[in-house]
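J.: Have a look at this one.
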Amino acid sequence: MDVKTKRRTAAENGDAGEDLVIATLIANGDDVGPLVRHAFEMGRPEGLFHQLNYVLKKKEAEIEEMCKTHYEEFILAVDELRGVLVDAEELKSELQVDNLKLQQVGSTLLVNLEELLESYSIKKNLTEAIKMSKNCIQALELCVKCNTHISEGQFYPALKTLDLLEKNHIQNIPVKALKMAIEGRIPVIKLHIEKTVCSQVNEWMVHIRSSAKDIGQTAIGRTATVRQRDEEMLEQQRKAEEQSISGVGDLVYTLDAEEFDEDSVLEFDLTPLYRACHIHDCLGIREQFREYYYTNRLLQLNSDLEISSAQPFVESYQTFFAQIAGFFIVEDRVLRTAGGLLVADQAETMWETAVNKMTSVLEEQFSCMESATHLLLVKDYVTLLGSTLRQYGYEIGTLLDVLDSSCDKYHRLLLEECRQQIVDVLGNDSYDQMMIKKETDYENAVLSFNLQTLDSMPAFPYVAPFSSMVPDACRIVRSFIKGSVDYLSYGIHMNFFDVVRKYLDKFLIDVINVTLLDTVNSDNISVPQVMQVAANIAVLERACDFFIRNAAQLCGIPVRSVERPQATLTAKVVLKTSRDAAYIALLNLVNTKLDEFMTLTESINWTPEETNEHGNDYIHEVIIYLDSILSTAQQILPLDAMYKVGSGVFEHISNTIVAAFSSDSIKRFNANAVINIEYDLQIIENFADERFYSAGLGEIYNEGSFKSCFVEARQLINLLLSSQPENFMNPVIRDKSYYALDYKKVAAICDKFKDSPDGIFGSLANKSAKQSARKKSMDALKKRLKDFN
């Protein structure tokens, strides 16, 4: 073969391979689309046509081969087919006839069927329309119902209606415009309900704030009533115990129980708040409402805690504290009944805010107060506030601490007020013994303070040993005790008796005792006044037992617990010391007055020619003066005071007599002067002796009377008039008869004892050896005293 023949053969073989591929794909039923697309994309469709023609020829050859193989069967099949065609033509004719008959019969039915189908379609449409209308009607009915509830203010049913509309009906509304309108109005309605409810809550807040003062005053008044009833019961119990202890009457306890219903006493309506809380629950914004309520109530509280400067605090404190009490009583009810609208932490925060503000206000106001009465009034109301709110679970310890911190200031103010009252009482006192004309006055002035010295009722009119200042002072002390107990009651101290006793001691010592001592030590006070003050001090000293018992009773502790010696008041000892100081002042005044009478160096003749058995003139003045003084002292002073004053006075007279002999202004005296002084001494000794026993002192002081107070003067006179004055130097005789005399005084006095030649010794010197011997003994004594000194 040549090259050309080889290329054609190769091309044919290649084409044959491609034709085989196409044939295989067609035989397998595969898609030849990609090959066709590829051929056209490549721009060579001729090859594809060639391949398809090849496949076509191959299939025709196969058909031809198959026809040749099945020719006979095919001929038979064609014959059968022709027979079938004949039968089919016949059947077709029959069917046409039957169809014509059927159409003639069914045309009526078809018309009816069409009418039925049309009716069915109409019915279906009507049913669907009715259903849609019902859904719309139900939705609109709910809308109308919701509007009705809103117009009637029934917001909860309105919200339930809206909730039902949203959940069950709004999605079934077929009318899009209606559905969109309803959907758009629901949030507006909810917002309207929320605003309306909040507006009602705001109105309620305004109303409850204006009612808080009345609520607080009612609650505090109830607490005050309970407190007063308890105090009355305690007072009755104390009286019953005292009667039982004293054996008077039977000890009977009665218990009066009175039930208080909080709701009946404190009536206020929380319905708007409950409704608002429920509405916000339904709206799903409960937390928002809780915050709204808490914020607004806190603002109201802060406003209530502001003090008005237009009115003094002492006039507005009740309104101030009652407003706060009412606020927290309402909040307690809200906390307990509003279903979590207010939580405990929020209530505690508001209470702490109020306590801090009240503490600040009290500290500031207490620091400015200058009246114990005002301070006590505020304190009492604060304790009532605390007792009231403690019942609702509020902690009041901080408030009580403020009151306790002001305790010293209160008592300082109370001391000053009582000090002024005591000064006024002393300034208005007549310093005369109190005249009591009837039994009721005696009970008020004497028995009520246990000042009686008699076991039975005295005859009237009765002259008391004290002046009118004593019962007045006792009343002031009693009021001081009451004021102290009132302030300390219901505070942080459960047992405050020791505190009351401390302030009572301070009042008695720093006020009454100091004021009395100032009175005693004043320059313009007289002897009777000092004596009366001393007697008053003695009575007040005795009244200290009543004061301590009264304090114990008011403090609610058994009286027997303060009757022990260690429970007595320190003021009793101080008053006793002041009483002694008053006696000394009295004695000094009396002695000063006596010194005016007993100017012996000037008022008597120390070298008289004759003796006077009636005594010198001064001694009678002294007797008259002492008689008035001791008579008064016997009436008003205790016996021990009477003894102290009498002893001091008579010792002073004795010392004055001895001092007169020792005075440098007396250069000499004679025996007549000594005899006259001896007459004076006898007179005063007799007077002293009589006073001693007439006062009843002899039954108490057995060792000696007032007469023994003149021992030094008596021994001196006895020595000067002795027949053997030289015996003074005898130790045995001196210890027995002249133990009160001093060597130096005796020596100085004896040096002045010189009789003149024309005196009694001189005129009798030649007539009586006895007097001469006495003179010699005196001279010997003078000589021996000089040698001794």
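Residues in the structure tokens are numbered from 1 in each chain, the chains being A, B, ... in the order shown, and ligands are numbered from 1 in the order shown.
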Write out as a PyMOL selection string all residues of region 296-395 of chain A that backbone DSSP assigns to alpha helix (DSSP H).
T.: chain A and resi 296-304+313-337+344-368+372-390
J.: May I ask for the distance between CA of Ala219 (chain A) and CA of Thr383 (chain A), given in Å to one decimal place?
T.: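 For CA of Ala219 (chain A) relative to CA of Thr383 (chain A), the distance reads 12.9 Å.
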J.: Tell me which of A:Val197, A:Ile182, A:Met205, A:Ala740 sits closest to Leu140 (chain A), counting only C-alpha atoms.
T.: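 For Leu140 (chain A), the nearest of the candidates is A:Ile182.
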J.: Quick one: everything within 10 Å of Gly339 (chain A), counting only C-alpha atoms, minus sequence neighbours fewer than 6 positions away in the same chain. Send it as a ChimeraX atom specification.
T.: /A:274,277-278
J.: Counting only C-alpha atoms, what is within 12 Å of region 346-354 of chain A, bar same-chain residues fewer than 4 positions away, as an mmCIF file with N, CA and C atoms, in the first residue's frame?
T.:
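around-v8.cif, freshly written:
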```cif
data_model
loop_
_atom_site.group_PDB
_atom_site.id
_atom_site.type_symbol
_atom_site.label_atom_id
_atom_site.label_comp_id
_atom_site.auth_asym_id
_atom_site.auth_seq_id
_atom_site.Cartn_x
_atom_site.Cartn_y
_atom_site.Cartn_z
ATOM 1 N N ARG A 290 -41.125 47.935 91.117
ATOM 2 C CA ARG A 290 -40.461 47.871 92.437
ATOM 3 C C ARG A 290 -39.456 49.008 92.576
ATOM 4 N N GLU A 291 -38.663 49.197 91.553
ATOM 5 C CA GLU A 291 -37.674 50.265 91.595
ATOM 6 C C GLU A 291 -38.356 51.632 91.633
ATOM 7 N N TYR A 293 -41.346 52.335 92.871
ATOM 8 C CA TYR A 293 -41.927 52.526 94.208
ATOM 9 C C TYR A 293 -40.843 52.871 95.233
ATOM 10 N N TYR A 294 -39.770 52.106 95.246
ATOM 11 C CA TYR A 294 -38.706 52.317 96.223
ATOM 12 C C TYR A 294 -38.075 53.709 96.064
ATOM 13 N N THR A 295 -37.830 54.104 94.821
ATOM 14 C CA THR A 295 -37.205 55.415 94.582
ATOM 15 C C THR A 295 -38.093 56.553 95.071
ATOM 16 N N ASN A 296 -39.382 56.481 94.754
ATOM 17 C CA ASN A 296 -40.289 57.563 95.148
ATOM 18 C C ASN A 296 -40.527 57.591 96.653
ATOM 19 N N ARG A 297 -40.623 56.429 97.271
ATOM 20 C CA ARG A 297 -40.806 56.413 98.732
ATOM 21 C C ARG A 297 -39.544 56.904 99.438
ATOM 22 N N LEU A 298 -38.394 56.605 98.898
ATOM 23 C CA LEU A 298 -37.152 57.097 99.485
ATOM 24 C C LEU A 298 -37.078 58.620 99.362
ATOM 25 N N LEU A 299 -37.532 59.152 98.242
ATOM 26 C CA LEU A 299 -37.585 60.606 98.094
ATOM 27 C C LEU A 299 -38.540 61.224 99.103
ATOM 28 N N GLN A 300 -39.689 60.588 99.309
ATOM 29 C CA GLN A 300 -40.639 61.082 100.311
ATOM 30 C C GLN A 300 -40.023 61.040 101.707
ATOM 31 N N LEU A 301 -39.304 59.954 102.009
ATOM 32 C CA LEU A 301 -38.668 59.845 103.315
ATOM 33 C C LEU A 301 -37.651 60.952 103.528
ATOM 34 N N ASN A 302 -36.817 61.181 102.535
ATOM 35 C CA ASN A 302 -35.818 62.248 102.670
ATOM 36 C C ASN A 302 -36.475 63.605 102.859
ATOM 37 N N SER A 303 -37.605 63.802 102.204
ATOM 38 C CA SER A 303 -38.337 65.054 102.393
ATOM 39 C C SER A 303 -38.907 65.144 103.796
ATOM 40 N N ASP A 304 -39.430 64.028 104.312
ATOM 41 C CA ASP A 304 -39.976 64.015 105.676
ATOM 42 C C ASP A 304 -38.897 64.244 106.719
ATOM 43 N N LEU A 305 -37.672 63.874 106.400
ATOM 44 C CA LEU A 305 -36.581 63.995 107.364
ATOM 45 C C LEU A 305 -36.000 65.400 107.434
ATOM 46 N N GLU A 306 -36.479 66.288 106.596
ATOM 47 C CA GLU A 306 -35.992 67.659 106.624
ATOM 48 C C GLU A 306 -36.705 68.435 107.726
ATOM 49 N N PHE A 320 -42.722 65.745 113.563
ATOM 50 C CA PHE A 320 -41.564 65.187 112.848
ATOM 51 C C PHE A 320 -41.448 63.682 113.081
ATOM 52 N N PHE A 321 -41.468 63.274 114.345
ATOM 53 C CA PHE A 321 -41.285 61.860 114.656
ATOM 54 C C PHE A 321 -42.533 61.038 114.325
ATOM 55 N N GLN A 323 -44.519 61.575 111.820
ATOM 56 C CA GLN A 323 -44.459 61.370 110.365
ATOM 57 C C GLN A 323 -43.544 60.196 110.028
ATOM 58 N N ILE A 324 -42.397 60.147 110.690
ATOM 59 C CA ILE A 324 -41.450 59.047 110.434
ATOM 60 C C ILE A 324 -42.032 57.724 110.895
ATOM 61 N N ALA A 325 -42.658 57.727 112.070
ATOM 62 C CA ALA A 325 -43.269 56.492 112.572
ATOM 63 C C ALA A 325 -44.332 55.993 111.608
ATOM 64 N N PHE A 327 -44.571 56.570 108.433
ATOM 65 C CA PHE A 327 -43.921 56.101 107.201
ATOM 66 C C PHE A 327 -43.483 54.644 107.346
ATOM 67 N N PHE A 328 -42.813 54.321 108.440
ATOM 68 C CA PHE A 328 -42.252 52.971 108.568
ATOM 69 C C PHE A 328 -43.299 51.940 108.990
ATOM 70 N N ILE A 329 -44.385 52.388 109.602
ATOM 71 C CA ILE A 329 -45.485 51.462 109.856
ATOM 72 C C ILE A 329 -46.119 51.045 108.529
ATOM 73 N N VAL A 330 -46.292 52.009 107.627
ATOM 74 C CA VAL A 330 -46.818 51.693 106.294
ATOM 75 C C VAL A 330 -45.862 50.768 105.552
ATOM 76 N N GLU A 331 -44.577 51.076 105.612
ATOM 77 C CA GLU A 331 -43.600 50.248 104.891
ATOM 78 C C GLU A 331 -43.537 48.841 105.463
ATOM 79 N N ASP A 332 -43.734 48.702 106.759
ATOM 80 C CA ASP A 332 -43.770 47.354 107.334
ATOM 81 C C ASP A 332 -44.948 46.570 106.778
ATOM 82 N N ARG A 333 -46.104 47.235 106.687
ATOM 83 C CA ARG A 333 -47.272 46.563 106.106
ATOM 84 C C ARG A 333 -47.004 46.195 104.644
ATOM 85 N N VAL A 334 -46.384 47.089 103.893
ATOM 86 C CA VAL A 334 -46.047 46.807 102.495
ATOM 87 C C VAL A 334 -45.083 45.631 102.408
ATOM 88 N N LEU A 335 -44.093 45.625 103.287
ATOM 89 C CA LEU A 335 -43.098 44.548 103.281
ATOM 90 C C LEU A 335 -43.749 43.197 103.548
ATOM 91 N N ARG A 336 -44.747 43.186 104.432
ATOM 92 C CA ARG A 336 -45.352 41.913 104.832
ATOM 93 C C ARG A 336 -46.461 41.449 103.900
ATOM 94 N N GLY A 340 -43.546 40.975 97.953
ATOM 95 C CA GLY A 340 -42.202 41.220 97.457
ATOM 96 C C GLY A 340 -42.008 42.541 96.768
ATOM 97 N N LEU A 341 -43.004 43.435 96.844
ATOM 98 C CA LEU A 341 -42.821 44.758 96.250
ATOM 99 C C LEU A 341 -41.658 45.487 96.920
ATOM 100 N N LEU A 342 -41.561 45.314 98.249
ATOM 101 C CA LEU A 342 -40.444 45.888 99.010
ATOM 102 C C LEU A 342 -39.718 44.747 99.698
ATOM 103 N N MET A 358 -32.219 61.122 111.980
ATOM 104 C CA MET A 358 -32.778 61.421 113.302
ATOM 105 C C MET A 358 -31.677 61.579 114.332
ATOM 106 N N THR A 359 -30.647 60.742 114.241
ATOM 107 C CA THR A 359 -29.524 60.859 115.164
ATOM 108 C C THR A 359 -28.855 62.218 115.023
ATOM 109 N N SER A 360 -28.627 62.628 113.777
ATOM 110 C CA SER A 360 -28.008 63.932 113.536
ATOM 111 C C SER A 360 -28.877 65.059 114.069
ATOM 112 N N VAL A 361 -30.178 64.975 113.820
ATOM 113 C CA VAL A 361 -31.099 66.022 114.279
ATOM 114 C C VAL A 361 -31.120 66.088 115.795
ATOM 115 N N LEU A 362 -31.205 64.919 116.444
ATOM 116 C CA LEU A 362 -31.263 64.902 117.908
ATOM 117 C C LEU A 362 -29.987 65.460 118.519
ATOM 118 N N LEU A 389 -41.889 51.445 117.056
ATOM 119 C CA LEU A 389 -41.290 50.833 115.868
ATOM 120 C C LEU A 389 -40.574 49.531 116.190
ATOM 121 N N ARG A 390 -40.163 49.350 117.462
ATOM 122 C CA ARG A 390 -39.559 48.069 117.837
ATOM 123 C C ARG A 390 -40.567 46.935 117.664
ATOM 124 N N TYR A 392 -42.483 46.575 115.310
ATOM 125 C CA TYR A 392 -42.507 46.221 113.890
ATOM 126 C C TYR A 392 -41.157 45.696 113.412
ATOM 127 N N GLY A 393 -40.258 45.429 114.356
ATOM 128 C CA GLY A 393 -38.990 44.795 114.008
ATOM 129 C C GLY A 393 -37.860 45.737 113.674
ATOM 130 N N TYR A 394 -38.026 47.037 113.918
ATOM 131 C CA TYR A 394 -36.966 47.991 113.607
ATOM 132 C C TYR A 394 -35.999 48.106 114.796
ATOM 133 N N GLU A 395 -34.715 48.200 114.495
ATOM 134 C CA GLU A 395 -33.675 48.295 115.512
ATOM 135 C C GLU A 395 -33.514 49.756 115.938
ATOM 136 N N ILE A 396 -33.646 50.019 117.253
ATOM 137 C CA ILE A 396 -33.644 51.402 117.747
ATOM 138 C C ILE A 396 -32.461 51.679 118.667
ATOM 139 N N GLY A 397 -31.490 50.774 118.699
ATOM 140 C CA GLY A 397 -30.360 50.945 119.612
ATOM 141 C C GLY A 397 -29.609 52.246 119.393
ATOM 142 N N THR A 398 -29.450 52.656 118.141
ATOM 143 C CA THR A 398 -28.706 53.888 117.855
ATOM 144 C C THR A 398 -29.414 55.105 118.437
ATOM 145 N N LEU A 399 -30.737 55.137 118.336
ATOM 146 C CA LEU A 399 -31.501 56.257 118.910
ATOM 147 C C LEU A 399 -31.335 56.301 120.422
#
```
J.: Restrict the calculation to only C-alpha atoms, then for each residue of region 590-643 of chain A with any atom at most 10 Å from an atom of region 696-718 of chain A give the closest atom pair and their distance in Å to one decimal, rows by chain and rising residue number, as a tab-separated table.
T.:
```
residue	atom	partner	partner_atom	distance
A:Gln634	CA	A:Gly696	CA	9.5
A:Leu639	CA	A:Leu697	CA	6.9
A:Asp640	CA	A:Leu697	CA	8.5
A:Met642	CA	A:Leu697	CA	8.6
A:Tyr643	CA	A:Leu697	CA	7.3
```
J.: Go ahead and save the residues from that selection, with N, CA and C atoms, as a PDB file, in the first residue's frame.
T.:
```
ATOM      1  N   GLN A 634     -33.381  74.230 171.904  1.00  0.00           N
ATOM      2  CA  GLN A 634     -34.032  73.066 172.495  1.00  0.00           C
ATOM      3  C   GLN A 634     -35.247  72.642 171.675  1.00  0.00           C
ATOM      4  N   LEU A 639     -30.810  66.622 170.159  1.00  0.00           N
ATOM      5  CA  LEU A 639     -30.178  66.701 171.479  1.00  0.00           C
ATOM      6  C   LEU A 639     -28.662  66.735 171.373  1.00  0.00           C
ATOM      7  N   ASP A 640     -28.091  65.973 170.434  1.00  0.00           N
ATOM      8  CA  ASP A 640     -26.638  65.989 170.307  1.00  0.00           C
ATOM      9  C   ASP A 640     -26.151  67.363 169.853  1.00  0.00           C
ATOM     10  N   MET A 642     -27.796  70.150 170.440  1.00  0.00           N
ATOM     11  CA  MET A 642     -28.010  70.999 171.625  1.00  0.00           C
ATOM     12  C   MET A 642     -26.841  70.879 172.580  1.00  0.00           C
ATOM     13  N   TYR A 643     -26.359  69.691 172.768  1.00  0.00           N
ATOM     14  CA  TYR A 643     -25.239  69.460 173.680  1.00  0.00           C
ATOM     15  C   TYR A 643     -23.966  70.108 173.134  1.00  0.00           C
TER      16      TYR A 643
END
```
J.: For region 291-376 of chain A against region 486-497 of chain A, with a cut-off of 10 Å and counting only C-alpha atoms, what is the closest atom pair and its distance in Å to one decimal for every residue that makes the cut, ordered by chain and number, as JSON lines?
T.:
```
{"residue": "A:Ala372", "atom": "CA", "partner": "A:Tyr487", "partner_atom": "CA", "distance": 9.8}
{"residue": "A:Leu375", "atom": "CA", "partner": "A:Tyr487", "partner_atom": "CA", "distance": 8.9}
{"residue": "A:Leu376", "atom": "CA", "partner": "A:Tyr487", "partner_atom": "CA", "distance": 6.1}
```
J.: Emit the selected residues as a JSON list (two decimals), in the first residue's frame, including C-alpha atoms.
T.:
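Final file, selection-v9.json:
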```
[["chain", "number", "residue", "atom", "x", "y", "z"],
["A", 372, "ALA", "CA", -34.27, 70.14, 130.89],
["A", 375, "LEU", "CA", -35.02, 67.77, 126.49],
["A", 376, "LEU", "CA", -37.13, 65.38, 128.58]]
```
J.: Considering only C-alpha atoms, give me a table of residues in region 403-487 of chain A that are at most 9 Å from region 532-538 of chain A, with the closest atom pair and distance in Å for each, as a Markdown table.
T.:
```
| residue | atom | partner | partner_atom | distance |
| --- | --- | --- | --- | --- |
| A:Tyr431 | CA | A:Gln532 | CA | 5.9 |
| A:Asp432 | CA | A:Gln532 | CA | 7.1 |
| A:Gln433 | CA | A:Gln532 | CA | 7.6 |
| A:Pro465 | CA | A:Ala535 | CA | 7.1 |
| A:Phe466 | CA | A:Asn536 | CA | 5.3 |
| A:Ser467 | CA | A:Asn536 | CA | 6.9 |
| A:Met469 | CA | A:Asn536 | CA | 7.9 |
| A:Val470 | CA | A:Asn536 | CA | 6.2 |
```
J.: Looking only at strand (DSSP E) from DSSP on the backbone, list the matching residues of region 281-508 of chain A as a PyMOL selection string.
T.: chain A and resi 435-436+462-463
J.: Please identify all polymer residues within 10 Å of Thr373 (chain A), counting only C-alpha atoms, omitting same-chain residues fewer than 6 positions from it, and present them as an MDAnalysis selection string.
T.: chainID A and resid 379 410 413:414 417 483
J.: For the residues in that selection, give me N, CA, C and O atoms as a CSV table (one decimal), in the first residue's frame.
T.:
```csv
chain,number,residue,atom,x,y,z
A,379,LYS,N,-37.1,63.5,124.6
A,379,LYS,CA,-36.6,62.1,124.9
A,379,LYS,C,-37.7,61.2,125.1
A,379,LYS,O,-37.7,60.0,124.6
A,410,TYR,N,-28.6,66.6,130.2
A,410,TYR,CA,-30.0,66.7,130.8
A,410,TYR,C,-29.9,66.9,132.3
A,410,TYR,O,-30.5,67.8,132.8
A,413,LEU,N,-28.6,70.4,133.1
A,413,LEU,CA,-29.7,71.4,133.0
A,413,LEU,C,-30.7,71.2,134.2
A,413,LEU,O,-31.1,72.2,134.8
A,414,LEU,N,-31.0,70.0,134.5
A,414,LEU,CA,-31.9,69.7,135.6
A,414,LEU,C,-31.3,70.2,136.9
A,414,LEU,O,-32.0,70.8,137.8
A,417,GLU,N,-31.7,74.0,137.0
A,417,GLU,CA,-33.0,74.5,137.2
A,417,GLU,C,-33.4,74.2,138.7
A,417,GLU,O,-34.0,75.1,139.3
A,483,GLY,N,-37.6,63.4,137.6
A,483,GLY,CA,-37.1,63.8,136.3
A,483,GLY,C,-35.9,62.9,135.9
A,483,GLY,O,-35.8,62.6,134.7
```
J.: From the options A:Glu541, A:Glu690, A:Asp31, A:Asp79, which residue's atoms come nearest to Thr570 (chain A), counting only C-alpha atoms?
T.: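 Using only C-alpha atoms, Thr570 (chain A) sits closest to A:Glu541.
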J.: Using only C-alpha atoms, can you tell me which of A:Gly153, A:His169, A:Gln682, A:Asp401 comes closest to Ile279 (chain A)?
T.: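 Using only C-alpha atoms, Ile279 (chain A) sits closest to A:Gly153.
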